[in-house]
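Novice: My questions will all concern the structure given below.
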Amino acid sequence: MTKTSAALGRIQPSATLAMTGRVIELKRQGVDVIGLSAGEPDFDTPDFVKDAAIAAIRAGQTKYTAVDGTAELKEAIAGKFQRDNAILYKPSQISVNSGGKHTLFNALLATVDQGDEVIIPAPYWVSYPDIVNFAGGTPVFIEGPVSQGYKITPAQLDAAITPKTKWLILNSPSNPSGAAYTAAELKALGEVLLRHPHVLVMTDDMYEHVWYAAEPFATIAQVCPELYDRTLTVNGCSKAFAMTGWRIGFAGGPEWIIKAMAKLQSQSTSNPCSISQAAAVAALTGDQSFLEERNAAFRKRRDMVVAMLNDAPGLDCPTPEGAFYVYPDASGVIGKTTPKGKKILTDEDLIDYFLDEAQVAAVHGGAFGLSPAFRVSYATSEEVLRKACTRIQEACAALK
């Protein structure tokens, strides 16, 4: 009898990718379904980035590179951290990986032992707890409810830390909520961490450039330089540069963690795609002005989606400070009944109802660790978003 590993049994398939698969299948069947489940910008990769990749192919840059990134890309990443975040990293402190998820996976697999605890604020990106589980660690969740703007407090963090705590994972702006910590809020969390010197900090800044708040983006090593030696600052090219398929993630941090990640990567993927690395150099060193134009488009979509979902009976949709997601609280529709007589007992029931009756696909809040809610991605056209939100309004209004 065949049997998979115990480690594989500790994880579940990604809920977001599972919903995307359902959407693809329904569309194949001819159903007019609107997919709002994928976290992928609808903008194309900038032409100057594509041109750099084509030039790299023609120049023969199609061979193996250093395991965790070319010298050119590490220099570009170091420049990005200095320019955007006022953090100084040497190339030896930088790791380049096959996407942001791969960066997180490497870091956690290289550092987490059986019994180690990893604090994860909820709502959280679906992969955080599964990667911790795969590594043999124990996820410890802190709920940041809608009443707290989907953020955790210093007191909550202090109460969650134990002698077994290995990491705190921060994600700002957040997937799924779009909530973002201010510099002052990060500093307050940092003050707690300074009292617990055994805790490492992993900050996932993937949505750094999808930002709407009045004050500038901040990351924890920037506002709490005392944490520099135990902070891993994670970022990548996927979201801001519309390079999801290119698979380039990266991190800056302590050399011992970077070396450990390289050791693991040397026995798994080896180097990230050489062509994608050349494209990433162009993305990080080229003209950044297009980011502002795209942000303006995302902000306009955000404002429309927030307004329309708040007009849906029973939904309460906060206005996010970043990313391209909203996370409406669905408490007001739980317990209601669909026109076909089915009770909505959970946010997963609600999402199934939206998909079956309104032909709109979103992801239920249970997948992100905080219910009742759901995530909507507004990384698509205003026309499609308006149609989808109208369907959700009508579906909510039909509940009894």
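We name chains A, B, ... following the order of the structure tokens; residues begin at 1 in each chain, and ligands are numbered from 1 as shown.
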When you look at range 91-104 of chain A with a cut-off of 7 Å (counting only C-alpha atoms), what residues show up, excluding the ones that are within fewer than 5 positions of it in the same chain? I need them as a list in words.
Specialist: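 Neighbouring residues, sequence-local ones excluded: Asp68, Gly69, Lys74, Glu75, Ala78, Asn235, Gly236, Arg247, Ile248, Gly249, Phe250, Ala251, Gly252, Gly253, Pro254, Glu255, Ile258 and Pro272 of chain A.
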Novice: Against range 198-214 of chain A, which residues of range 139-173 of chain A fall within 10 Å? For each one I want the closest pair of atoms and the distance in Å (one decimal), counting only C-alpha atoms, rows by chain and increasing residue number, as JSON lines.
Specialist:
{"residue": "A:Ile161", "atom": "CA", "partner": "A:Val199", "partner_atom": "CA", "distance": 8.3}
{"residue": "A:Thr162", "atom": "CA", "partner": "A:Val199", "partner_atom": "CA", "distance": 9.3}
{"residue": "A:Pro163", "atom": "CA", "partner": "A:His198", "partner_atom": "CA", "distance": 7.9}
{"residue": "A:Lys164", "atom": "CA", "partner": "A:His198", "partner_atom": "CA", "distance": 8.9}
{"residue": "A:Thr165", "atom": "CA", "partner": "A:Val199", "partner_atom": "CA", "distance": 6.1}
{"residue": "A:Lys166", "atom": "CA", "partner": "A:Val199", "partner_atom": "CA", "distance": 5.1}
{"residue": "A:Trp167", "atom": "CA", "partner": "A:Leu200", "partner_atom": "CA", "distance": 4.6}
{"residue": "A:Leu168", "atom": "CA", "partner": "A:Val201", "partner_atom": "CA", "distance": 4.9}
{"residue": "A:Ile169", "atom": "CA", "partner": "A:Met202", "partner_atom": "CA", "distance": 4.8}
{"residue": "A:Leu170", "atom": "CA", "partner": "A:Thr203", "partner_atom": "CA", "distance": 4.6}
{"residue": "A:Asn171", "atom": "CA", "partner": "A:Asp204", "partner_atom": "CA", "distance": 4.7}
{"residue": "A:Ser172", "atom": "CA", "partner": "A:Asp205", "partner_atom": "CA", "distance": 5.9}
{"residue": "A:Pro173", "atom": "CA", "partner": "A:Tyr207", "partner_atom": "CA", "distance": 5.8}
Novice: Which residues come within 7 Å of range 321-337 of chain A, counting only C-alpha atoms, excluding same-chain residues fewer than 2 positions away, as a PyMOL selection string?
Specialist: chain A and resi 173-180+207+210-213+298+314-319+339+341-346+372-379+399-400
Novice: For CA of Asp47 in chain A and CA of Leu73 in chain A, determine how far apart the two atoms are, in Å to one decimal place.
Specialist: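 Result for CA of Asp47 in chain A versus CA of Leu73 in chain A: 18.7 Å, one decimal.
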Novice: What's around Leu8 in chain A at 12 Å? Count only C-alpha atoms, leave out sequence neighbours fewer than 6 positions away in its own chain, and write the answer as an MDAnalysis selection string.
Specialist: chainID A and resid 130:136
Novice: For Tyr124 in chain A, work out the shell of residues within 7 Å, counting only C-alpha atoms and skipping chain neighbours fewer than 2 positions away, then give it as a PDB file with all heavy atoms, in the first residue's frame.
Specialist:
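Here's the written file out_31.pdb:
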ATOM      1  N   ILE A 120       1.372  33.927  14.247  1.00  0.00           N
ATOM      2  CA  ILE A 120       0.789  34.362  12.976  1.00  0.00           C
ATOM      3  C   ILE A 120      -0.479  35.159  13.260  1.00  0.00           C
ATOM      4  O   ILE A 120      -1.480  34.595  13.724  1.00  0.00           O
ATOM      5  CB  ILE A 120       0.447  33.155  12.079  1.00  0.00           C
ATOM      6  CG1 ILE A 120       1.696  32.288  11.835  1.00  0.00           C
ATOM      7  CG2 ILE A 120      -0.156  33.619  10.760  1.00  0.00           C
ATOM      8  CD1 ILE A 120       1.398  30.991  11.085  1.00  0.00           C
ATOM      9  N   PRO A 121      -0.470  36.471  13.025  1.00  0.00           N
ATOM     10  CA  PRO A 121      -1.706  37.242  13.186  1.00  0.00           C
ATOM     11  C   PRO A 121      -2.768  36.793  12.180  1.00  0.00           C
ATOM     12  O   PRO A 121      -2.453  36.489  11.024  1.00  0.00           O
ATOM     13  CB  PRO A 121      -1.262  38.683  12.906  1.00  0.00           C
ATOM     14  CG  PRO A 121       0.214  38.690  13.185  1.00  0.00           C
ATOM     15  CD  PRO A 121       0.686  37.329  12.732  1.00  0.00           C
ATOM     16  N   ALA A 122      -4.014  36.745  12.646  1.00  0.00           N
ATOM     17  CA  ALA A 122      -5.136  36.381  11.783  1.00  0.00           C
ATOM     18  C   ALA A 122      -6.050  37.590  11.616  1.00  0.00           C
ATOM     19  O   ALA A 122      -6.292  38.299  12.589  1.00  0.00           O
ATOM     20  CB  ALA A 122      -5.911  35.208  12.385  1.00  0.00           C
ATOM     21  N   VAL A 126      -2.963  32.284   3.444  1.00  0.00           N
ATOM     22  CA  VAL A 126      -3.270  30.873   3.666  1.00  0.00           C
ATOM     23  C   VAL A 126      -2.040  29.988   3.831  1.00  0.00           C
ATOM     24  O   VAL A 126      -2.093  28.957   4.509  1.00  0.00           O
ATOM     25  CB  VAL A 126      -4.145  30.321   2.523  1.00  0.00           C
ATOM     26  CG1 VAL A 126      -5.511  30.972   2.519  1.00  0.00           C
ATOM     27  CG2 VAL A 126      -3.465  30.489   1.164  1.00  0.00           C
ATOM     28  N   ASN A 175      -2.455  40.439   3.022  1.00  0.00           N
ATOM     29  CA  ASN A 175      -3.302  39.529   2.264  1.00  0.00           C
ATOM     30  C   ASN A 175      -3.861  38.572   3.317  1.00  0.00           C
ATOM     31  O   ASN A 175      -3.092  37.825   3.931  1.00  0.00           O
ATOM     32  CB  ASN A 175      -2.458  38.753   1.245  1.00  0.00           C
ATOM     33  CG  ASN A 175      -3.246  37.697   0.489  1.00  0.00           C
ATOM     34  OD1 ASN A 175      -4.443  37.566   0.659  1.00  0.00           O
ATOM     35  ND2 ASN A 175      -2.561  36.924  -0.337  1.00  0.00           N
ATOM     36  N   PRO A 176      -5.164  38.691   3.677  1.00  0.00           N
ATOM     37  CA  PRO A 176      -6.269  39.043   2.803  1.00  0.00           C
ATOM     38  C   PRO A 176      -6.940  40.401   3.040  1.00  0.00           C
ATOM     39  O   PRO A 176      -7.824  40.774   2.270  1.00  0.00           O
ATOM     40  CB  PRO A 176      -7.286  37.960   3.158  1.00  0.00           C
ATOM     41  CG  PRO A 176      -7.105  37.808   4.647  1.00  0.00           C
ATOM     42  CD  PRO A 176      -5.628  37.962   4.874  1.00  0.00           C
ATOM     43  N   PHE A 368      -8.511  31.974   5.895  1.00  0.00           N
ATOM     44  CA  PHE A 368      -7.540  32.963   6.359  1.00  0.00           C
ATOM     45  C   PHE A 368      -7.518  33.089   7.884  1.00  0.00           C
ATOM     46  O   PHE A 368      -6.873  33.979   8.432  1.00  0.00           O
ATOM     47  CB  PHE A 368      -7.850  34.331   5.749  1.00  0.00           C
ATOM     48  CG  PHE A 368      -7.917  34.325   4.243  1.00  0.00           C
ATOM     49  CD1 PHE A 368      -9.137  34.359   3.587  1.00  0.00           C
ATOM     50  CD2 PHE A 368      -6.760  34.276   3.484  1.00  0.00           C
ATOM     51  CE1 PHE A 368      -9.205  34.354   2.200  1.00  0.00           C
ATOM     52  CE2 PHE A 368      -6.813  34.274   2.103  1.00  0.00           C
ATOM     53  CZ  PHE A 368      -8.043  34.312   1.455  1.00  0.00           C
ATOM     54  N   GLY A 369      -8.272  32.204   8.545  1.00  0.00           N
ATOM     55  CA  GLY A 369      -8.202  32.137  10.000  1.00  0.00           C
ATOM     56  C   GLY A 369      -9.062  33.110  10.759  1.00  0.00           C
ATOM     57  O   GLY A 369      -8.938  33.216  11.984  1.00  0.00           O
TER      58      GLY A 369
END
Novice: Here is a test: counting only C-alpha atoms, which residue of A:Lys239, A:Cys273, A:Cys389, A:Gln265 is nearest to Thr45 in chain A?
Specialist: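 Checking each of A:Lys239, A:Cys273, A:Cys389, A:Gln265 against Thr45 in chain A, counting only C-alpha atoms, the winner is A:Lys239.
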Novice: Record the distance separating CA of Val140 in chain A and CA of Ala160 in chain A, expressed in Å with one decimal.
Specialist: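 Answer for the CA of Val140 in chain A to CA of Ala160 in chain A separation: 7.5 Å.
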Novice: Using DSSP assignments from the backbone, pull out every residue in range 123-165 of chain A that falls under strand (DSSP E) and give it to me as a ChimeraX atom specification.
Specialist: /A:138-143,165
Novice: Okay, now the selection with N, CA, C and O atoms, as a PDB file, in the first residue's frame?
Specialist:
ATOM      1  N   THR A 138       4.707  24.789  15.312  1.00  0.00           N
ATOM      2  CA  THR A 138       3.334  24.960  15.784  1.00  0.00           C
ATOM      3  C   THR A 138       2.879  26.390  15.528  1.00  0.00           C
ATOM      4  O   THR A 138       3.431  27.326  16.108  1.00  0.00           O
ATOM      5  N   PRO A 139       1.894  26.589  14.649  1.00  0.00           N
ATOM      6  CA  PRO A 139       1.362  27.943  14.457  1.00  0.00           C
ATOM      7  C   PRO A 139       0.604  28.402  15.700  1.00  0.00           C
ATOM      8  O   PRO A 139      -0.176  27.643  16.278  1.00  0.00           O
ATOM      9  N   VAL A 140       0.851  29.638  16.095  1.00  0.00           N
ATOM     10  CA  VAL A 140       0.133  30.250  17.216  1.00  0.00           C
ATOM     11  C   VAL A 140      -0.572  31.487  16.661  1.00  0.00           C
ATOM     12  O   VAL A 140       0.084  32.423  16.193  1.00  0.00           O
ATOM     13  N   PHE A 141      -1.882  31.482  16.707  1.00  0.00           N
ATOM     14  CA  PHE A 141      -2.648  32.540  16.046  1.00  0.00           C
ATOM     15  C   PHE A 141      -3.078  33.622  17.038  1.00  0.00           C
ATOM     16  O   PHE A 141      -3.475  33.340  18.169  1.00  0.00           O
ATOM     17  N   ILE A 142      -2.960  34.872  16.580  1.00  0.00           N
ATOM     18  CA  ILE A 142      -3.507  36.015  17.318  1.00  0.00           C
ATOM     19  C   ILE A 142      -4.558  36.656  16.425  1.00  0.00           C
ATOM     20  O   ILE A 142      -4.251  37.080  15.307  1.00  0.00           O
ATOM     21  N   GLU A 143      -5.779  36.740  16.891  1.00  0.00           N
ATOM     22  CA  GLU A 143      -6.832  37.329  16.075  1.00  0.00           C
ATOM     23  C   GLU A 143      -6.796  38.855  16.144  1.00  0.00           C
ATOM     24  O   GLU A 143      -6.770  39.436  17.227  1.00  0.00           O
ATOM     25  N   THR A 165       8.645  30.343  21.366  1.00  0.00           N
ATOM     26  CA  THR A 165       8.397  31.174  20.186  1.00  0.00           C
ATOM     27  C   THR A 165       9.683  31.338  19.379  1.00  0.00           C
ATOM     28  O   THR A 165      10.699  31.786  19.908  1.00  0.00           O
TER      29      THR A 165
END
Novice: May I ask for the distance between CA of Ala398 in chain A and CA of Leu350 in chain A, given in Å to one decimal place?
Specialist: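 Atom-to-atom, CA of Ala398 in chain A to CA of Leu350 in chain A, that is 12.3 Å.
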Novice: Among range 66-199 of chain A, which residues does DSSP mark as helix (DSSP H, G or I) when it is run on the backbone? Keep the chain and numbering as in the structure and answer as an MDAnalysis selection string.
Specialist: chainID A and resid 71:85 91:93 100:111 127:135 146:148 154:160 183:194
Novice: With only C-alpha atoms as the counted atoms, please give the residues lying no more than 12 Å from Asp352 in chain A, apart from itself and same-chain residues fewer than 2 positions off, as a ChimeraX atom specification.
Specialist: /A:19,22-23,338,342-350,354-364,374,395
Novice: Mind writing the picked residues with N, CA, C and O atoms as an mmCIF file, in the first residue's frame?
Specialist:
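For reference, part_8.cif as written:
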data_model
loop_
_atom_site.group_PDB
_atom_site.id
_atom_site.type_symbol
_atom_site.label_atom_id
_atom_site.label_comp_id
_atom_site.auth_asym_id
_atom_site.auth_seq_id
_atom_site.Cartn_x
_atom_site.Cartn_y
_atom_site.Cartn_z
ATOM 1 N N MET A 19 -10.071 27.544 -5.214
ATOM 2 C CA MET A 19 -11.183 28.315 -5.756
ATOM 3 C C MET A 19 -10.887 28.739 -7.187
ATOM 4 O O MET A 19 -11.779 28.712 -8.057
ATOM 5 N N ARG A 22 -11.776 25.951 -9.377
ATOM 6 C CA ARG A 22 -13.231 25.833 -9.572
ATOM 7 C C ARG A 22 -13.721 26.827 -10.608
ATOM 8 O O ARG A 22 -14.574 26.501 -11.452
ATOM 9 N N VAL A 23 -13.181 28.031 -10.571
ATOM 10 C CA VAL A 23 -13.570 29.058 -11.543
ATOM 11 C C VAL A 23 -13.193 28.635 -12.953
ATOM 12 O O VAL A 23 -13.995 28.768 -13.894
ATOM 13 N N THR A 338 -31.165 31.070 2.258
ATOM 14 C CA THR A 338 -31.157 31.375 0.830
ATOM 15 C C THR A 338 -32.554 31.186 0.250
ATOM 16 O O THR A 338 -33.415 30.551 0.869
ATOM 17 N N LYS A 342 -31.668 27.018 2.026
ATOM 18 C CA LYS A 342 -30.465 26.558 2.712
ATOM 19 C C LYS A 342 -30.003 27.614 3.699
ATOM 20 O O LYS A 342 -29.919 28.793 3.385
ATOM 21 N N LYS A 343 -29.659 27.169 4.895
ATOM 22 C CA LYS A 343 -29.202 28.068 5.950
ATOM 23 C C LYS A 343 -27.732 28.434 5.719
ATOM 24 O O LYS A 343 -26.905 27.582 5.412
ATOM 25 N N ILE A 344 -27.416 29.715 5.879
ATOM 26 C CA ILE A 344 -26.031 30.173 5.808
ATOM 27 C C ILE A 344 -25.466 30.123 7.227
ATOM 28 O O ILE A 344 -25.704 31.008 8.040
ATOM 29 N N LEU A 345 -24.730 29.053 7.527
ATOM 30 C CA LEU A 345 -24.188 28.859 8.872
ATOM 31 C C LEU A 345 -22.753 29.324 9.008
ATOM 32 O O LEU A 345 -22.310 29.655 10.113
ATOM 33 N N THR A 346 -22.016 29.340 7.895
ATOM 34 C CA THR A 346 -20.601 29.721 7.924
ATOM 35 C C THR A 346 -20.275 30.621 6.730
ATOM 36 O O THR A 346 -21.067 30.722 5.779
ATOM 37 N N ASP A 347 -19.108 31.230 6.761
ATOM 38 C CA ASP A 347 -18.723 32.039 5.594
ATOM 39 C C ASP A 347 -18.426 31.152 4.380
ATOM 40 O O ASP A 347 -18.546 31.602 3.247
ATOM 41 N N GLU A 348 -18.102 29.891 4.609
ATOM 42 C CA GLU A 348 -17.930 28.982 3.471
ATOM 43 C C GLU A 348 -19.272 28.712 2.797
ATOM 44 O O GLU A 348 -19.368 28.641 1.564
ATOM 45 N N ASP A 349 -20.340 28.588 3.602
ATOM 46 C CA ASP A 349 -21.689 28.466 3.029
ATOM 47 C C ASP A 349 -22.013 29.694 2.189
ATOM 48 O O ASP A 349 -22.611 29.585 1.104
ATOM 49 N N LEU A 350 -21.632 30.861 2.682
ATOM 50 C CA LEU A 350 -21.922 32.103 1.960
ATOM 51 C C LEU A 350 -21.203 32.138 0.620
ATOM 52 O O LEU A 350 -21.796 32.506 -0.406
ATOM 53 N N PHE A 354 -22.729 32.414 -3.108
ATOM 54 C CA PHE A 354 -22.335 33.405 -4.119
ATOM 55 C C PHE A 354 -21.930 32.721 -5.429
ATOM 56 O O PHE A 354 -22.290 33.172 -6.516
ATOM 57 N N LEU A 355 -21.193 31.634 -5.323
ATOM 58 C CA LEU A 355 -20.710 30.963 -6.528
ATOM 59 C C LEU A 355 -21.861 30.283 -7.270
ATOM 60 O O LEU A 355 -21.978 30.399 -8.498
ATOM 61 N N ASP A 356 -22.711 29.598 -6.527
ATOM 62 C CA ASP A 356 -23.791 28.823 -7.165
ATOM 63 C C ASP A 356 -24.919 29.699 -7.699
ATOM 64 O O ASP A 356 -25.455 29.443 -8.778
ATOM 65 N N GLU A 357 -25.276 30.740 -6.937
ATOM 66 C CA GLU A 357 -26.460 31.522 -7.292
ATOM 67 C C GLU A 357 -26.148 32.860 -7.951
ATOM 68 O O GLU A 357 -26.964 33.379 -8.711
ATOM 69 N N ALA A 358 -24.977 33.429 -7.647
ATOM 70 C CA ALA A 358 -24.627 34.735 -8.216
ATOM 71 C C ALA A 358 -23.479 34.635 -9.224
ATOM 72 O O ALA A 358 -23.146 35.618 -9.871
ATOM 73 N N GLN A 359 -22.884 33.454 -9.311
ATOM 74 C CA GLN A 359 -21.748 33.222 -10.210
ATOM 75 C C GLN A 359 -20.600 34.205 -9.949
ATOM 76 O O GLN A 359 -20.007 34.771 -10.856
ATOM 77 N N VAL A 360 -20.306 34.408 -8.646
ATOM 78 C CA VAL A 360 -19.162 35.209 -8.225
ATOM 79 C C VAL A 360 -18.301 34.351 -7.301
ATOM 80 O O VAL A 360 -18.816 33.759 -6.343
ATOM 81 N N ALA A 361 -17.016 34.298 -7.594
ATOM 82 C CA ALA A 361 -16.093 33.489 -6.799
ATOM 83 C C ALA A 361 -15.234 34.383 -5.915
ATOM 84 O O ALA A 361 -14.544 35.280 -6.402
ATOM 85 N N ALA A 362 -15.289 34.130 -4.610
ATOM 86 C CA ALA A 362 -14.402 34.774 -3.640
ATOM 87 C C ALA A 362 -13.847 33.654 -2.760
ATOM 88 O O ALA A 362 -14.056 32.476 -3.035
ATOM 89 N N VAL A 363 -13.134 34.003 -1.703
ATOM 90 C CA VAL A 363 -12.551 32.984 -0.821
ATOM 91 C C VAL A 363 -13.064 33.224 0.596
ATOM 92 O O VAL A 363 -13.045 34.354 1.095
ATOM 93 N N HIS A 364 -13.529 32.153 1.247
ATOM 94 C CA HIS A 364 -14.153 32.289 2.560
ATOM 95 C C HIS A 364 -13.126 32.625 3.634
ATOM 96 O O HIS A 364 -11.950 32.249 3.565
ATOM 97 N N PHE A 374 -15.008 37.224 4.105
ATOM 98 C CA PHE A 374 -14.521 36.635 2.854
ATOM 99 C C PHE A 374 -13.598 37.630 2.177
ATOM 100 O O PHE A 374 -13.655 38.834 2.439
ATOM 101 N N ALA A 395 -27.575 39.052 -4.237
ATOM 102 C CA ALA A 395 -27.585 37.786 -3.513
ATOM 103 C C ALA A 395 -27.812 38.008 -2.016
ATOM 104 O O ALA A 395 -28.581 37.268 -1.367
#
